[in-house]
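Down below is the structure, laid out as structure tokens.
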Amino acid sequence: MTDGPNRDRPWIFRTYAGHSTAAESNALYRKNLSKGQTGLSVAFDLPTQTGYDPDHALSRGEVGKVGVSIAHLGDMQTLFQDIPLDQMNTSMTINASAAWLLALYAAAADAQGADRTKLTGTTQNDLIKEYLSRGTYVFPPQPSMKLTTDIIAWTYSNMPKWNPMNVCSYHLQEAGATPVQELAYALATAQAVLDTVKASGAIPEEDFPKAVSRISFFVNAGMRFVTEMCKMRAFVDLWDEICETRYGVEDPKLRRFRYGVQVNSLGLTEQQPENNVYRILIETLAVVLSKKARARAVQLPAWNEALGLPRPWDQQWSLRMQQILAYETDLLEFADIFDGSREVDAKVEALKDEARAELRRIDDMGGAVAAVETSYMKRALVESNTRRLEQIEAGNQMVVGVNAYQTTEDSPLSSGDGDAIMVVPEGVEQDAIERLQQWRSDRDGQAAEASLADLRQAAQEGRNIMEPSVACAKAGVTTGEWGAVLRDVFGEYRAPTGVGRAVKQDVGDLDDLRGSVDAVSDKLGRRLKFLVGKPGLDGHSNGAEQIAVRARDAGMEVVYEGIRLTPAEIANAALEEGVHAVGLSILSGSHLALVRDVLERMRANGQDDIPVFVGGIIPQEDAQSLLAMGVAAVYTPKDFQLNDIMADVVRIVDGRFDRAA
């Protein structure tokens with residue numbers, strides 16, 4: 001044991017935050033910093049993440065919902081007002097539009113008079129996991145890899161302390177990844193990026209090890225504490241091995257596995273949500289107890305995230321958890337307490353062996369990009385998530401308060417009037433549109449057009465787009481304008497859904513359900529047809545995929561075209577496909593506006609008789625509003641029995657057919 005003065009420094013304390021407007025988010029950041037937070041983690045709304053302005057059709061209902069809306073340099077300057085960027089460590093969860101947000105950040109730092117070489121922080125900038133799990137991709141894989149390479153090369157020269165890419169396995173676990181898949185897919189992504197950078201020649205060969213050292217990771221820690229802690233130790237060993245053998249990095253310091261973490265939100269429950277506090281603490285221990293594999297930065301979800309957006313008090317509770325661990329316990333006073341453990345060493349070696357085997361399979365396919373394009377990794381994630389949910393449904397994987405120990409007292413933390421979560425005001429979107437219009441009218445339009453022309457030329461010629469992007473930022477170009485130019489040059493991409501057509505035959509508990517589907521299909525005169533749609537910009541498709549898979553296995557004909565559809569596209573698909581039911585999955589908080597739009601369009605098409613089902617993170621009062629609009633049923637995370645949902649679909653379709661007959 002070391003004495004007090006020699007305690008290890010704690011990790012960076014963060015909360016993942018941002019909502020509504022830049023001004024409101026700035027006030028939240030400054031308040032959190034005053035409470036002892038030591039770094040910022042910026043959440044951007046979905047239009048910003050996918051390169052749209054607030055007034056775009058796909059932005060409807062999404063502005064300011066899951067993060068802050070940043071449409072131009074003025075917004076970025078407001079976001080960081082009175083926060084000296086050369087003294088702040090800022091993490092930005094941004095991927096497809098990472099180059100643009102980094103350009104805005106650099107332009108805002110320039111305006112503050114900050115030295116770019118002193119800027120520290122991270123752009124996530126991991127597009128491969130977006131194709132697999134989170135869905136905020138825009139461009140095809142090859143142009144996306146080029147943009148990532150541009151950022152790495154540019155920051156190497158201009159912002160040498162910045163982490164230009166954060167390989168993100170967090171969302172892989174949220175999409176169902178096993179520990180081995182999380183290890184292998186994240187490391188395969190890092191290899192794909194570094195191989196691309198090395199082949200580009202953008203960084204001199206002798207300096208390449210330093211570029212390798214700036215690659216960081218963002219991981220997830222779930223409830224299986226020992227396995228998760230061992231996974232992190234396996235990450236450390238495997239990354240050191242890859243850096244040395246694949247890239248010839250000789251200096252051990254440059255081979256360090258540097259990672260930040262947000263512990264698992266997937267396992268947080270709507271039922272008895274107060275239990276989530278214990279879950280968050282246990283998951284946090286997995287990434288801080290082992291000194292050898294301790295996180296460099298930690299941000300924790302709030303206890304009520306399965307209910308909706310957390311309030312500042314909820315985020316403060318999670319921040320205090322970190323501070324108590326770091327300052328009241330003695331965990332920072334010891335060497336690694338797991339070194340020499342036979343159980344730990346055996347588990348770590350087993351994980352490494354399995355991950356190496358999976359990495360070889362991916363290498364044999366041509367690497368991570370090829371494994372995305374063939375849908376290999378996506379299919380594997382959908383399948384592993386299906387197995388996880390089946391275990392919970394069957395009661396083989398116990399979740400306290402969900403499928404076990406369900407008897408509970410009313411929680412004083414969860415009021416029934418909506419006060420237990422934060423609600424983004426209705427006027428945020430219109431206000432953002434009006435401010436955007438004012439910005440466009442006030443700027444030098446010719447300068448904006450000239451900078452966009454240079455951006456287009458740089459993209460067409462294959463030049464690094466970062467300096468042209470910074471010039472666009474300073475000329476007043478908007479997020480949507482930047483995105484539109486690159487969409488035009490690179491095209492847009494539709495990633496594989498991972499939902500195969502083959503029906504699973506070995507599910508005995510589906511026999512009764514299949515019989516009901518067959519019976520109703522006979523009455524309908526053809527196979528019951530179910531459209532599963534994701535309107536708006538929400539790319540979290542895990543729930544929609546599992547609904548589509550279960551409906552298919554139950555014998556329904558399923559129409560599922562993936563993410564990011566407009567309400568008009570969904571209504572038109574329902575008409576053209578002749579479906580009997582529509583299921584909408586929305587987790588971004590935009591359910592009221594988007595569902596209303598879909599319903600109105602379906603009614604205009606004469607489809608009043610087709611039941612619409614809605615699933616997502618939906619507060620009780622919003623569920624009542626949806627039912628009043630005419631939605632047939634609303635499902636939230638508490639509804640984990642997928643067969644029950646399928647039975648509802650069959651029963652309601654059957655009932656409507658009987659009434660129509």
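Going through the structure tokens in order, the chains are called A, B, and so on, while each chain numbers its residues from 1 and the ligands are numbered from 1 in the order shown.
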Practice prompt. Give me the residues within 7 Å of Arg134 of chain A as a VMD selection string, counting only C-alpha atoms and dropping any in the same chain fewer than 5 places off.
Written response: chain A and resid 129 171 539 to 540
Discussion item. Based on the backbone DSSP call, show me all residues of segment 54-261 of chain A assigned helix (DSSP H, G or I), as a ChimeraX atom specification.
Written reply: /A:57-59,73-79,85-87,98-112,116-118,127-134,141-158,170-174,179-200,205-213,225-245,252-255
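Around segment 70-72 of chain A, within 7 Å and counting only C-alpha atoms, the residues found are Thr48, Asp53, Met76, Ala473, Gly476, Val477, Thr478 and Thr479 of chain A, once anything fewer than 4 positions away on its own chain is removed.
For the choices A:Leu254, A:Val212, A:Ala234, A:Met398, the atom-to-atom distance to Ala346 of chain A is smallest for A:Ala234 when using only C-alpha atoms.
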Worksheet item: Please, which residues of segment 272-422 of chain A, numbered as in this document, come out strand (DSSP E or B) from DSSP, as JSON, numbers by chain?
Response: {"A": [297, 298, 299, 309, 400, 404, 422]}
Next, the residues of the selection above should be written as a compact mmCIF listing (two decimals), in the first residue's frame with N, CA, C and O atoms.
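In the end it all went to result.txt:
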# COMPACT_ATOMS: atom_id res chain seq x y z
N ALA A 297 -11.22 7.82 -18.49
CA ALA A 297 -12.35 8.73 -18.29
C ALA A 297 -13.61 7.89 -18.13
O ALA A 297 -13.76 6.85 -18.77
N VAL A 298 -14.50 8.34 -17.26
CA VAL A 298 -15.73 7.60 -16.99
C VAL A 298 -16.91 8.56 -17.03
O VAL A 298 -16.87 9.65 -16.46
N GLN A 299 -17.96 8.14 -17.74
CA GLN A 299 -19.24 8.84 -17.66
C GLN A 299 -20.31 7.79 -17.38
O GLN A 299 -20.28 6.70 -17.94
N LEU A 309 -35.25 11.24 -20.48
CA LEU A 309 -34.05 12.05 -20.30
C LEU A 309 -33.82 12.36 -18.82
O LEU A 309 -34.74 12.80 -18.13
N VAL A 400 -33.55 -8.63 -11.83
CA VAL A 400 -34.35 -8.34 -10.64
C VAL A 400 -35.36 -7.23 -10.94
O VAL A 400 -35.02 -6.19 -11.50
N ALA A 404 -37.96 -11.46 -12.14
CA ALA A 404 -37.84 -12.04 -10.80
C ALA A 404 -38.03 -10.93 -9.77
O ALA A 404 -37.70 -9.77 -10.02
N MET A 422 -36.55 14.72 -17.46
CA MET A 422 -36.54 16.04 -18.08
C MET A 422 -37.27 15.97 -19.42
O MET A 422 -37.09 15.01 -20.18
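The interatomic distance for the pair atom CA of Leu627 of chain A and atom CA of His591 of chain A works out to 12.0 Å.
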List the neighbours of Lys253 of chain A out to 9 Å using only C-alpha atoms; skip same-chain residues closer than 3 positions along the sequence, and give me the result as a JSON list (two decimals) with N, CA and C atoms, in the first residue's frame.
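Written output follows (around06.json):
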[["chain", "number", "residue", "atom", "x", "y", "z"],
["A", 213, "SER", "N", -0.57, 5.84, -31.17],
["A", 213, "SER", "CA", -0.77, 6.11, -29.73],
["A", 213, "SER", "C", -1.93, 7.05, -29.46],
["A", 250, "GLU", "N", 7.54, 0.11, -31.00],
["A", 250, "GLU", "CA", 8.51, -0.44, -30.05],
["A", 250, "GLU", "C", 8.36, 0.13, -28.65],
["A", 256, "ARG", "N", -0.03, 1.72, -25.11],
["A", 256, "ARG", "CA", -1.01, 1.67, -24.01],
["A", 256, "ARG", "C", -2.43, 1.70, -24.55]]
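With only C-alpha atoms as the atoms that count, the minimum distance from Val470 of chain A to the choices A:Val653, A:Met602, A:Ala43, A:Ala111 is reached by A:Ala111.
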Worksheet entry | Residue contacts of Val549 of chain A (12 Å, only C-alpha atoms) excluding same-chain residues fewer than 6 positions away, as number ranges by chain | A: 379, 382-383, 385-387, 389-390, 497-504, 530-532, 542-543, 555-560, 642-643, 646
Practice prompt. Find the spatial neighbours of Ala108 of chain A, counting only C-alpha atoms, within a cut-off of 12 Å - ignore same-chain residues fewer than 3 positions away - and output them as a VMD selection string.
Written response: chain A and resid 72 to 86 101 to 105 111 to 116 119 470 to 471 473 to 474 476
Take the selection from the previous step and output its residues with N, CA and C atoms, as a short mmCIF file (atom, residue, chain, number, x, y, z; two decimals), in the first residue's frame.
data_model
loop_
_atom_site.label_atom_id
_atom_site.label_comp_id
_atom_site.auth_asym_id
_atom_site.auth_seq_id
_atom_site.Cartn_x
_atom_site.Cartn_y
_atom_site.Cartn_z
N HIS A 72 -24.24 25.74 -36.62
CA HIS A 72 -23.24 26.63 -37.20
C HIS A 72 -22.26 27.09 -36.12
N LEU A 73 -21.29 27.88 -36.51
CA LEU A 73 -20.25 28.33 -35.59
C LEU A 73 -20.82 29.12 -34.42
N GLY A 74 -21.85 29.91 -34.67
CA GLY A 74 -22.46 30.67 -33.58
C GLY A 74 -22.95 29.76 -32.47
N ASP A 75 -23.58 28.64 -32.84
CA ASP A 75 -24.03 27.68 -31.83
C ASP A 75 -22.85 27.10 -31.07
N MET A 76 -21.77 26.75 -31.77
CA MET A 76 -20.61 26.16 -31.11
C MET A 76 -19.97 27.15 -30.14
N GLN A 77 -19.90 28.41 -30.52
CA GLN A 77 -19.33 29.42 -29.62
C GLN A 77 -20.22 29.61 -28.39
N THR A 78 -21.52 29.58 -28.57
CA THR A 78 -22.44 29.68 -27.44
C THR A 78 -22.29 28.47 -26.52
N LEU A 79 -22.12 27.29 -27.11
CA LEU A 79 -22.01 26.06 -26.33
C LEU A 79 -20.84 26.11 -25.36
N PHE A 80 -19.74 26.76 -25.77
CA PHE A 80 -18.54 26.80 -24.93
C PHE A 80 -18.23 28.19 -24.39
N GLN A 81 -19.23 29.04 -24.34
CA GLN A 81 -19.02 30.39 -23.80
C GLN A 81 -18.53 30.31 -22.35
N ASP A 82 -17.49 31.07 -22.04
CA ASP A 82 -16.90 31.13 -20.70
C ASP A 82 -16.27 29.81 -20.26
N ILE A 83 -16.02 28.92 -21.20
CA ILE A 83 -15.29 27.68 -20.92
C ILE A 83 -14.03 27.70 -21.76
N PRO A 84 -12.85 27.98 -21.18
CA PRO A 84 -11.61 28.08 -21.98
C PRO A 84 -11.23 26.72 -22.57
N LEU A 85 -11.28 26.63 -23.88
CA LEU A 85 -11.10 25.34 -24.53
C LEU A 85 -9.67 24.82 -24.41
N ASP A 86 -8.70 25.71 -24.23
CA ASP A 86 -7.32 25.23 -24.08
C ASP A 86 -7.06 24.68 -22.68
N LEU A 101 -17.87 18.87 -36.96
CA LEU A 101 -17.92 19.34 -35.56
C LEU A 101 -16.53 19.66 -35.04
N LEU A 102 -15.53 18.90 -35.47
CA LEU A 102 -14.16 19.22 -35.07
C LEU A 102 -13.72 20.54 -35.70
N ALA A 103 -14.14 20.78 -36.95
CA ALA A 103 -13.83 22.05 -37.60
C ALA A 103 -14.48 23.21 -36.84
N LEU A 104 -15.73 23.04 -36.44
CA LEU A 104 -16.41 24.08 -35.65
C LEU A 104 -15.70 24.29 -34.32
N TYR A 105 -15.26 23.21 -33.69
CA TYR A 105 -14.56 23.30 -32.41
C TYR A 105 -13.25 24.06 -32.58
N ALA A 111 -11.33 31.52 -32.22
CA ALA A 111 -12.01 32.76 -31.83
C ALA A 111 -11.71 33.12 -30.38
N GLN A 112 -11.47 32.11 -29.54
CA GLN A 112 -11.11 32.36 -28.14
C GLN A 112 -9.64 32.77 -28.00
N GLY A 113 -8.87 32.61 -29.08
CA GLY A 113 -7.44 32.86 -28.99
C GLY A 113 -6.67 31.69 -28.42
N ALA A 114 -7.28 30.51 -28.40
CA ALA A 114 -6.63 29.33 -27.85
C ALA A 114 -5.60 28.77 -28.83
N ASP A 115 -4.56 28.19 -28.29
CA ASP A 115 -3.53 27.53 -29.08
C ASP A 115 -4.05 26.14 -29.46
N ARG A 116 -4.20 25.86 -30.75
CA ARG A 116 -4.72 24.55 -31.17
C ARG A 116 -3.87 23.40 -30.65
N LEU A 119 -5.13 21.94 -27.34
CA LEU A 119 -6.49 21.42 -27.22
C LEU A 119 -6.44 19.91 -26.95
N VAL A 470 -12.85 23.91 -41.83
CA VAL A 470 -12.66 25.03 -40.88
C VAL A 470 -13.00 26.35 -41.57
N ALA A 471 -12.59 26.49 -42.82
CA ALA A 471 -12.92 27.70 -43.57
C ALA A 471 -14.43 27.84 -43.73
N ALA A 473 -16.66 26.70 -41.64
CA ALA A 473 -17.16 27.08 -40.31
C ALA A 473 -17.05 28.58 -40.10
N LYS A 474 -15.87 29.14 -40.44
CA LYS A 474 -15.65 30.56 -40.22
C LYS A 474 -16.44 31.43 -41.19
N GLY A 476 -19.52 30.79 -41.93
CA GLY A 476 -20.92 30.75 -41.54
C GLY A 476 -21.73 29.64 -42.18
#
Practice prompt. May I have the residues within 8 Å of Pro160 of chain A as an MDAnalysis selection string, using only C-alpha atoms and disregarding those fewer than 3 positions away in the same chain?
Written response: chainID A and resid 117:118 155:157
Using the selection just defined, write its residues with N, CA and C atoms as a PDB file, in the first residue's frame.
ATOM      1  N   THR A 117      -2.584  23.610 -30.513  1.00  0.00           N
ATOM      2  CA  THR A 117      -1.709  22.515 -30.081  1.00  0.00           C
ATOM      3  C   THR A 117      -1.939  22.142 -28.618  1.00  0.00           C
ATOM      4  N   LYS A 118      -2.695  22.975 -27.885  1.00  0.00           N
ATOM      5  CA  LYS A 118      -2.984  22.682 -26.478  1.00  0.00           C
ATOM      6  C   LYS A 118      -4.367  22.065 -26.282  1.00  0.00           C
ATOM      7  N   THR A 155      -5.219  16.269 -37.319  1.00  0.00           N
ATOM      8  CA  THR A 155      -4.969  16.501 -35.886  1.00  0.00           C
ATOM      9  C   THR A 155      -3.516  16.194 -35.537  1.00  0.00           C
ATOM     10  N   TYR A 156      -2.909  15.240 -36.227  1.00  0.00           N
ATOM     11  CA  TYR A 156      -1.507  14.924 -35.957  1.00  0.00           C
ATOM     12  C   TYR A 156      -0.643  16.166 -36.113  1.00  0.00           C
ATOM     13  N   SER A 157      -0.957  16.995 -37.112  1.00  0.00           N
ATOM     14  CA  SER A 157      -0.169  18.205 -37.360  1.00  0.00           C
ATOM     15  C   SER A 157      -0.694  19.414 -36.602  1.00  0.00           C
TER      16      SER A 157
END
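Minimum atom-to-atom distance to Leu351 of chain A, evaluated using only C-alpha atoms, belongs to A:Asp237 out of A:Glu328, A:Glu577, A:Asp419, A:Asp237.
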Fill in: Option closest in space to Lys31 of chain A, from A:Tyr278, A:Trp313, A:Tyr635, A:Tyr247 [counting only C-alpha atoms]
A:Trp313
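The smallest atom-to-atom distance between Gly427 of chain A and any of A:Glu354, A:Asp126, A:Asp345, A:Glu62, using only C-alpha atoms, is found for A:Glu62.
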Fill in: Atom pair atom CA of Glu561 of chain A / atom CA of Gly491 of chain A: separation (Å)
18.4 Å
